[in-house]
Amino acid sequence: KLWTPRQPSSAMRLSAALALLACVCLLLCARTCSAQGWDNEQIEGPADPADFAQWLAEQQQYRAETLKAVNYNGSIFEVPELFWTQKTFVQPQMHPYDRYFYDPVAHQYTVDKFLTDLTKRYGGIDSVLIWPTYTNIGVDDRNQYDLILAMPGHTEGLTAVVDELHARGVKVLWPYNPWDQGTRDMGQTDELSLAQLAQATHADGINGDTMGYVPESFFTTSVDIGYPLAYEPEGGGYEESLDWETFGWGYWTYPFTPEIDRWKWLEPRHNTHVCNRWATNRTNDLQAAFFNGVGYESWENVWGTWNGITERDGEALRRTSTLTKFFGGLGFLTSQDWEPHTPVVQNTQIFASKFPLGDDTLWFLVNRASTDTSGVQLLVGGVTDADHFYDCYHGVALTPSVSAGNANLVFSIEGLAYGAVLRTRNVTKPGDASPLGQLLQQMAAITKYTLSSYDPTWKYLLQEMVPIATTQLVKEAPKGTVEVPSAIFDFQVSGVEVEGDDAHGVDVQYPWEAHPQRGHEKLLHVGPLYMDRYPVTNQQYQQYLADSGYVPSDSYNFLKFWANGSFPDGWDNKPVTWVSLQEARDYCSFYGKRLPHSYEWQYAAQGTDGRLYPWGNTKDQSKFPVVDSSRKLPGPEDVTAHSPQGDSPFGVADLVGNVWQYTDEFQDYHTRAVVVRGSCNYYPTGSMWYFPAALELNLHNKYFLMDDSYERAGTIGFRCVVDADPTCKTNLCMDADLVSEPVYLTTTGTLDWEEWGKTNERKAKPTAPLDMLHVYATSTAISSVCPTQVSWTDGTTGSGKSDTCLLLAGDGASLSISAPAITSALRTLSLYLGLPPTASPVVITANASFVGDSSVTPVIRSVQAGGPEREGAYVLRLQYAAAKASTTLQVSVTLSAVCKQSLCVRMPANKGSVDLSAEGTYDWAHWGTTGPRSVDRKASGPQLLDNLQLVNNGTLAQFINNPTLFSWTDGAPLATATNTATGIYYSNSKVGRGFSLQIPASAEHTRVVRVYVGVWSARGRFSVSISDGSTPDYVDTSVVNSATTSVATYEVTISARPNATVTIQWTQEDGDGNITWQSATLIEGAEPSITVQAATLA
C-alpha cells in the first residue's frame, strides 16, 4: 500500500528500452563479466583530495538531475516487507548440497551447523542466497522451479528450512535464471512462478542471475498476490529500477582511490552486495564495501568449487560486518547526507566516508596502503563540550585536543585495514549496558590482534575420490557382460564445466593429483573386469525391484517415466533413468557387481589407442542417437539401437549419446559430486549455461549430489562391472603392469634372473635357466636414465644393485628372450622394460608363443605409451605352462613409433602447473611475464622458440590470470619464476588475428614441441604445416568457450626432416572475446626408444 509505481518520463523511455535490451544481452554475456558489461555501477572519486569540494558539488548535481529525469519517488523504500534489504550486510550465495547445510547420511538439513561455521569463521550472515539450479540444470528437462522443489523435503521441507533461518535472523532468497527458457514450460509467466514459489516457501527475495536489472513486472506481480518480494539483480540495477529494486550485486573495480556506489549515491537507502567470487585475496572487495557502507557477498562455494575465505579476510569481514550491522541498524549508513571522500589528514593512503545522523556523525575509514598509519587522522570542526568521540574499530574512547571548536582525532589504522570513529553526545564506555558500550567492548576484544597476525594464505580444498570396493573375483563372464582385459591405460580426460579454473580447483581431484583440476592424465593399470554390455534397462530394474523388494524412503521423481509400478509399453529395452547414485550402487551390489571407476569406463569405451569415440575418431551420427532439444524430455533410445556399429573395441555398447552414466564420486568437506560419462540424447536450447555435453571420450562432466530426490535425473543411467580373476586360465597368458617400487631380483626370480646394464649380472645357480637376451636395434647403449632400480643377493658375484639399463633406439627396435617350460606347473616370466623421459610416443608389441607346439595359441599384447612426461617402468608378465614336454617359451618385444609421418599432433590433458625447465630440456619460452612484449626463454641452448610472429598485427596486451601456472629455474632475462599466471593477447582482437611460430626440423632427430594457448569467449584455430609438404596440414578448432576462459595444450611431434620448417599458428576462429598465447617447450632427440633392465623367472 505504501509503494507508488513510478511514472516514467518520456525522456527516459528510450533509456528504459535500451536498458531492457542490455538486460537481454546480459543473458548471453559471461557470468564472470566483472565490471565488463556492468561498468556503470561506480563513480570515480576525486582525482586529487584538493578537488573534493568541486567533486562533491558535481556529484550532488548529478544526483538531483538524474532523480528528476527518472521521476524517482522513493516509495519502494517505505514498503515494510523490504526494510531488511537496507540492513543485510553479509550474504553468501551457497548451494543447498553443501555438506554443512545438508547431511546426506542423516537425510536432514543442518542449518545450525551451517550458521555456526560462518559465525566462527567470519562473524555470521544476514541473508543467504540458496542456489540449487545451475550447474545441474539442463541435465534433463527439469526447469529451475523443478530443481528447487526436488530438494529433500520439497515444499514443506523447504518452508521449514526458511523458517529456521528466519528464527536465526537470516533472510532467504531464491535464484532466478532468466535464461532457462529451454526446459519444461511452466505454462505461466516467470513473474508469477517466482512469486508463488517464494510465497509457498516463505522466502524473502529473488536474485536475478545474469540480469542488469529485474523488470518492474516481477515486483508488481509479487504485490498483486499480496507477497511483496525484494529483487536483487546480479548486475546491480540502473537509474529507473531504483523505484522497485532496493538492492543488488556489485561487480566493481578497485583502483587505489575507492570509487563510490552509484546506486547508493542516488538513493542512500539502496544496498549493494559487493561480489568478487574468484578473489583469493578479498582486501579490495571488503575495503570497497566498507568505505561505501554497503554489504558483501561472502561467496565461497562457487558452482561447487570451494574458494574459501582466508583467515585474514575472515577476520577482516568479522570486524567490518560487526560495525556495518551495528551502525546500519541505527540508520547511519542510509544517511541522506552521506559524504564519501570526506577530507582526512593522511590523504595519501587513508580514505573516509562520513555518515551524519542527527547530532551524531560516523566515519568509516580504509587504509589502502600496506603501511600502518598513526597520529592525527581527522580534523573535526564545530566541536563542543557535549561531543564525545570513540574509536569504534578498536573499541576505545578518544580524547582529542580541541582548539577553537576544532578537534584533532588521533588514532592508528593498520596497513590494508579499517577504521571507524563516532562523534556523539551520548556518554558511554566500553562494557557498559548501552548498545554502544557493548559494541566497544566487542570490538576491543576482536581487534586485540592485528589483521596481519592472521594467515592470508589461500589453500585448495582437497577432494577425496570415494573408494569403490572390489567385487568377488569371478572366473567366467556373468550373463550380459563382456570381458575387458587388463592393460596399461593412458588415462586422459578433462572436465567440461562452464566456469572455474585450475587456480581455484575446478572439477575433481584423482588420488595421484595435488589438488582438484580440470585436466587429468595418468598411466594406470586397469582390469581385468567384466562390464555390462549395455546400460541397465527398465526391464532389468523392474526385476531388481521384485528380487530385492526395494522401496525408496522418498519416492519424489523415482522412476518418473514409470506409472503404476511399470515402465511404458516399448520401454523394456531402454536404459533405466530417474534413479539416484545410491540406488544405482544398490542395484549393482545386489547382483554382486559395482559401478565402474571413470577410468575403467573410459578404457572399456576407448581401448588403448586414444580414440575420441567408441568406434573411432570420426563423429558418425549413425552410431549414436540424435540430440533432442525440445522442452520435453523424449526419453532414451533402446540400448541396442546403435549396436554393434557403435560398440567399443571390446564390444561394450551404448556408451555415448543415449544416457549419461554414473562412475566415481568425489567429495570434499563441502561438496559431493559424481563424474558422469557419455553424454545423452537431450540438450535444451537457448543458453550456454545448461549442463554441458561430453560426448567425446576424453571429456567428462560433474553432477552435484544432495539426496535421492534431487539427484534422480531423466538422462542419467548406469551400468555395472564385476572384477575378473586375473589368474591364467589357459596355457599362456600375458599382462602388462606399471612398476612403482625397486625390484628385488632374488625374490622375484626364484628360478632364474638376468640383469642388463653395466654389471650384466645373472643368478648364480639358476634352477631353470633363461636364454640370453637377443637385441635388434638401430643403436644400443648402456643408459643411467632408468625408470627403476634392481638389486640382488644371489648373483654370480654376490650381492649388488643397478640403476643402469640397456637402451634400444629406433623405429622397429626389438628384443627377444626364451624360457624353459614344463607341463607340471605354471611359471611366471617377468620382463622389466622402461620408456626414457624424452621418448616419443610408441607402441610396444609383445608376442609370446611356444617353440615347437602349435596347439597353444600365441598371445599378442600392445601397449601405447611414451611421449614427454610419459616415461615409466613397465613389467611384461607371462604366466605359462607347457602343453607338451620339452618345449620353450619365446617372447619378443617390438618397438613401433606412433607417429609414422613427418608431423603428428595430439592434445594432452591440461595441467594446472608447468615446470618449463623440466619439460623444455632443449628449449622453452614464456611470453608476457612483465609486459605484452616481454619474452623469457631458456638461458642456454639453441633458442629456437624466439621468433613468434603476429598474424594480422594488432595491439598486444598482457594478462595475469591464466588458469595454467608456469615456473622455471634456468631462464633469461628472468632467471627464475614460480607459478606465473601471465600471457599475452590482443586488446583489439578480431577473427583471423593471432600468433605464428616457426620451428626448424632437425636433420637427425625427432623434436617434440608443446604449445600452451587459451581462449576467452571465443573459438581458437590451431594449425600446423611443414614446408616440404610431406604431411597434410593439421587444423583443430575444438577449443572454444563462449562464456569464460579455457586453455589448451598442443603437442607437435616433428620427425627428422632435413631443410624443413614447421609453422604453428594459433588464431581466432570466431567469437567476440580473444585468444591467448603463453608458453612453448621443445625436446630434441625424442626418437622411439625403450630400455630393458632385467628378466625374472619364478
# chains A, B, ... in the order shown; residues from 1 in each chain; ligands from 1
>>> residues_around(residues="Tyr102 of chain A", least_positions_apart="5", cutoff="12 Å", atoms="only C-alpha atoms", output="ChimeraX atom specification")
/A:94-97,107-115,151-153,157-158,161,669-672,705-707
>>> select_by_dssp(residues="segment 211-351 of chain A", states="strand (DSSP E)", output="list in words")
Ala230, Tyr231, Glu232, Pro233, Phe247, Gly248, Trp249, Gly250, Ile260, Asp261, Asn271, Thr272, His273, Val274, Gly295, Tyr296, Asn301, Val302, Thr305, Trp306, Glu339, Pro340, Ile350 and Phe351 of chain A
>>> closest_residue(among="A:Ala694, A:Leu147, A:Leu745, A:Met734", to="Val859 of chain A", atoms="only C-alpha atoms")
A:Met734
>>> residues_around(residues="Glu464 of chain A", least_positions_apart="4", cutoff="8 Å", atoms="only C-alpha atoms", output="PDB file with all heavy atoms, in the first residue's frame")
ATOM      1  N   GLN A 509      39.606 -34.158  -8.143  1.00  0.00           N
ATOM      2  CA  GLN A 509      40.988 -34.475  -7.780  1.00  0.00           C
ATOM      3  C   GLN A 509      41.136 -35.989  -7.663  1.00  0.00           C
ATOM      4  O   GLN A 509      40.618 -36.601  -6.729  1.00  0.00           O
ATOM      5  CB  GLN A 509      41.354 -33.813  -6.450  1.00  0.00           C
ATOM      6  CG  GLN A 509      42.765 -34.122  -5.969  1.00  0.00           C
ATOM      7  CD  GLN A 509      43.034 -33.556  -4.588  1.00  0.00           C
ATOM      8  OE1 GLN A 509      42.190 -32.906  -3.985  1.00  0.00           O
ATOM      9  NE2 GLN A 509      44.224 -33.821  -4.065  1.00  0.00           N
ATOM     10  N   TYR A 510      41.857 -36.574  -8.608  1.00  0.00           N
ATOM     11  CA  TYR A 510      42.135 -38.002  -8.527  1.00  0.00           C
ATOM     12  C   TYR A 510      43.221 -38.248  -7.478  1.00  0.00           C
ATOM     13  O   TYR A 510      43.966 -37.326  -7.107  1.00  0.00           O
ATOM     14  CB  TYR A 510      42.545 -38.534  -9.896  1.00  0.00           C
ATOM     15  CG  TYR A 510      41.363 -38.743 -10.812  1.00  0.00           C
ATOM     16  CD1 TYR A 510      40.976 -37.765 -11.716  1.00  0.00           C
ATOM     17  CD2 TYR A 510      40.608 -39.916 -10.749  1.00  0.00           C
ATOM     18  CE1 TYR A 510      39.873 -37.946 -12.547  1.00  0.00           C
ATOM     19  CE2 TYR A 510      39.513 -40.109 -11.569  1.00  0.00           C
ATOM     20  CZ  TYR A 510      39.144 -39.122 -12.467  1.00  0.00           C
ATOM     21  OH  TYR A 510      38.048 -39.298 -13.269  1.00  0.00           O
ATOM     22  N   PRO A 511      43.331 -39.466  -6.974  1.00  0.00           N
ATOM     23  CA  PRO A 511      44.258 -39.728  -5.859  1.00  0.00           C
ATOM     24  C   PRO A 511      45.703 -39.343  -6.147  1.00  0.00           C
ATOM     25  O   PRO A 511      46.463 -39.068  -5.217  1.00  0.00           O
ATOM     26  CB  PRO A 511      44.106 -41.238  -5.639  1.00  0.00           C
ATOM     27  CG  PRO A 511      42.732 -41.561  -6.116  1.00  0.00           C
ATOM     28  CD  PRO A 511      42.492 -40.642  -7.278  1.00  0.00           C
ATOM     29  N   PHE A 666      33.250 -37.916  -5.976  1.00  0.00           N
ATOM     30  CA  PHE A 666      34.298 -37.131  -5.334  1.00  0.00           C
ATOM     31  C   PHE A 666      33.649 -36.245  -4.284  1.00  0.00           C
ATOM     32  O   PHE A 666      32.533 -35.754  -4.469  1.00  0.00           O
ATOM     33  CB  PHE A 666      35.042 -36.278  -6.361  1.00  0.00           C
ATOM     34  CG  PHE A 666      35.865 -37.072  -7.330  1.00  0.00           C
ATOM     35  CD1 PHE A 666      35.276 -37.659  -8.442  1.00  0.00           C
ATOM     36  CD2 PHE A 666      37.225 -37.247  -7.134  1.00  0.00           C
ATOM     37  CE1 PHE A 666      36.028 -38.404  -9.340  1.00  0.00           C
ATOM     38  CE2 PHE A 666      37.985 -37.988  -8.024  1.00  0.00           C
ATOM     39  CZ  PHE A 666      37.386 -38.570  -9.122  1.00  0.00           C
ATOM     40  N   GLN A 667      34.360 -36.033  -3.199  1.00  0.00           N
ATOM     41  CA  GLN A 667      33.815 -35.165  -2.165  1.00  0.00           C
ATOM     42  C   GLN A 667      34.936 -34.426  -1.437  1.00  0.00           C
ATOM     43  O   GLN A 667      36.066 -34.895  -1.342  1.00  0.00           O
ATOM     44  CB  GLN A 667      32.960 -35.951  -1.169  1.00  0.00           C
ATOM     45  CG  GLN A 667      33.659 -37.091  -0.463  1.00  0.00           C
ATOM     46  CD  GLN A 667      32.726 -37.849   0.462  1.00  0.00           C
ATOM     47  OE1 GLN A 667      33.014 -37.974   1.650  1.00  0.00           O
ATOM     48  NE2 GLN A 667      31.628 -38.346  -0.067  1.00  0.00           N
ATOM     49  N   ASP A 668      34.581 -33.232  -0.963  1.00  0.00           N
ATOM     50  CA  ASP A 668      35.425 -32.503  -0.032  1.00  0.00           C
ATOM     51  C   ASP A 668      34.566 -32.181   1.181  1.00  0.00           C
ATOM     52  O   ASP A 668      33.469 -32.731   1.333  1.00  0.00           O
ATOM     53  CB  ASP A 668      36.035 -31.254  -0.682  1.00  0.00           C
ATOM     54  CG  ASP A 668      35.001 -30.316  -1.284  1.00  0.00           C
ATOM     55  OD1 ASP A 668      33.913 -30.155  -0.687  1.00  0.00           O
ATOM     56  OD2 ASP A 668      35.257 -29.734  -2.358  1.00  0.00           O
TER      57      ASP A 668
END
>>> select_by_dssp(residues="segment 758-946 of chain A", states="helix (DSSP H, G or I)", output="number ranges by chain")
A: 916-919
>>> write_last_selection(atoms="N, CA, C and O atoms", output="mmCIF file, in the first residue's frame")
data_model
loop_
_atom_site.group_PDB
_atom_site.id
_atom_site.type_symbol
_atom_site.label_atom_id
_atom_site.label_comp_id
_atom_site.auth_asym_id
_atom_site.auth_seq_id
_atom_site.Cartn_x
_atom_site.Cartn_y
_atom_site.Cartn_z
ATOM 1 N N LEU A 916 58.621 -25.323 -16.886
ATOM 2 C CA LEU A 916 59.177 -25.190 -18.229
ATOM 3 C C LEU A 916 60.606 -25.715 -18.305
ATOM 4 O O LEU A 916 61.013 -26.274 -19.330
ATOM 5 N N SER A 917 61.370 -25.559 -17.236
ATOM 6 C CA SER A 917 62.745 -26.048 -17.237
ATOM 7 C C SER A 917 62.791 -27.558 -17.336
ATOM 8 O O SER A 917 63.628 -28.128 -18.048
ATOM 9 N N ALA A 918 61.903 -28.230 -16.622
ATOM 10 C CA ALA A 918 61.884 -29.689 -16.638
ATOM 11 C C ALA A 918 61.346 -30.222 -17.956
ATOM 12 O O ALA A 918 61.811 -31.243 -18.464
ATOM 13 N N GLU A 919 60.345 -29.536 -18.511
ATOM 14 C CA GLU A 919 59.725 -30.024 -19.740
ATOM 15 C C GLU A 919 60.519 -29.623 -20.978
ATOM 16 O O GLU A 919 60.696 -30.428 -21.896
#
>>> closest_residue(among="A:Thr88, A:Asn962, A:Ser580, A:Thr481", to="Arg712 of chain A", atoms="only C-alpha atoms")
A:Ser580
>>> closest_residue(among="A:Asp638, A:Asp853, A:Glu240, A:Asp141", to="Phe691 of chain A", atoms="only C-alpha atoms")
A:Asp141
>>> closest_residue(among="A:Phe364, A:Trp179, A:Tyr682, A:Phe650", to="Pro528 of chain A", atoms="only C-alpha atoms")
A:Phe650
>>> residues_around(residues="segment 487-498 of chain A", least_positions_apart="3", cutoff="6 Å", atoms="only C-alpha atoms", output="ChimeraX atom specification")
/A:507,518-526,698-701,909
>>> write_last_selection(atoms="C-alpha atoms", output="tab-separated table (two decimals), in the first residue's frame")
chain	number	residue	atom	x	y	z
A	507	ASP	CA	36.49	-30.26	-11.47
A	518	ARG	CA	40.21	-29.66	-14.94
A	519	GLY	CA	42.64	-31.88	-16.85
A	520	HIS	CA	43.72	-35.34	-15.74
A	521	GLU	CA	46.47	-37.55	-17.15
A	522	LYS	CA	47.89	-40.75	-15.71
A	523	LEU	CA	49.20	-44.13	-16.81
A	524	LEU	CA	47.08	-46.69	-14.98
A	525	HIS	CA	46.86	-50.43	-14.82
A	526	VAL	CA	43.20	-51.22	-15.43
A	698	ASN	CA	38.34	-37.54	-23.36
A	699	LEU	CA	35.66	-35.42	-21.66
A	700	HIS	CA	33.52	-35.82	-18.58
A	701	ASN	CA	31.03	-33.77	-16.60
A	909	ALA	CA	45.31	-33.16	-20.86
>>> closest_residue(among="A:Ala1098, A:Phe351, A:Glu483, A:Leu461", to="Leu770 of chain A", atoms="only C-alpha atoms")
A:Ala1098
>>> closest_residue(among="A:Leu1097, A:Leu965, A:Ile1064, A:Val1009", to="Val1047 of chain A", atoms="only C-alpha atoms")
A:Leu965
>>> closest_atom_pairs(of="segment 200-290 of chain A", to="segment 320-336 of chain A", cutoff="10 Å", atoms="only C-alpha atoms", output="JSON lines")
{"residue": "A:Lys264", "atom": "CA", "partner": "A:Thr334", "partner_atom": "CA", "distance": 8.5}
{"residue": "A:Trp265", "atom": "CA", "partner": "A:Gln336", "partner_atom": "CA", "distance": 8.9}
{"residue": "A:Leu266", "atom": "CA", "partner": "A:Gln336", "partner_atom": "CA", "distance": 9.5}
{"residue": "A:Glu267", "atom": "CA", "partner": "A:Gln336", "partner_atom": "CA", "distance": 7.8}
{"residue": "A:Pro268", "atom": "CA", "partner": "A:Thr334", "partner_atom": "CA", "distance": 4.8}
{"residue": "A:Arg269", "atom": "CA", "partner": "A:Thr334", "partner_atom": "CA", "distance": 4.8}
{"residue": "A:His270", "atom": "CA", "partner": "A:Thr334", "partner_atom": "CA", "distance": 7.8}
{"residue": "A:Asn271", "atom": "CA", "partner": "A:Thr334", "partner_atom": "CA", "distance": 8.7}
{"residue": "A:Leu286", "atom": "CA", "partner": "A:Thr320", "partner_atom": "CA", "distance": 7.9}
{"residue": "A:Gln287", "atom": "CA", "partner": "A:Thr320", "partner_atom": "CA", "distance": 8.8}
{"residue": "A:Ala289", "atom": "CA", "partner": "A:Thr320", "partner_atom": "CA", "distance": 9.1}
{"residue": "A:Phe290", "atom": "CA", "partner": "A:Thr320", "partner_atom": "CA", "distance": 6.6}
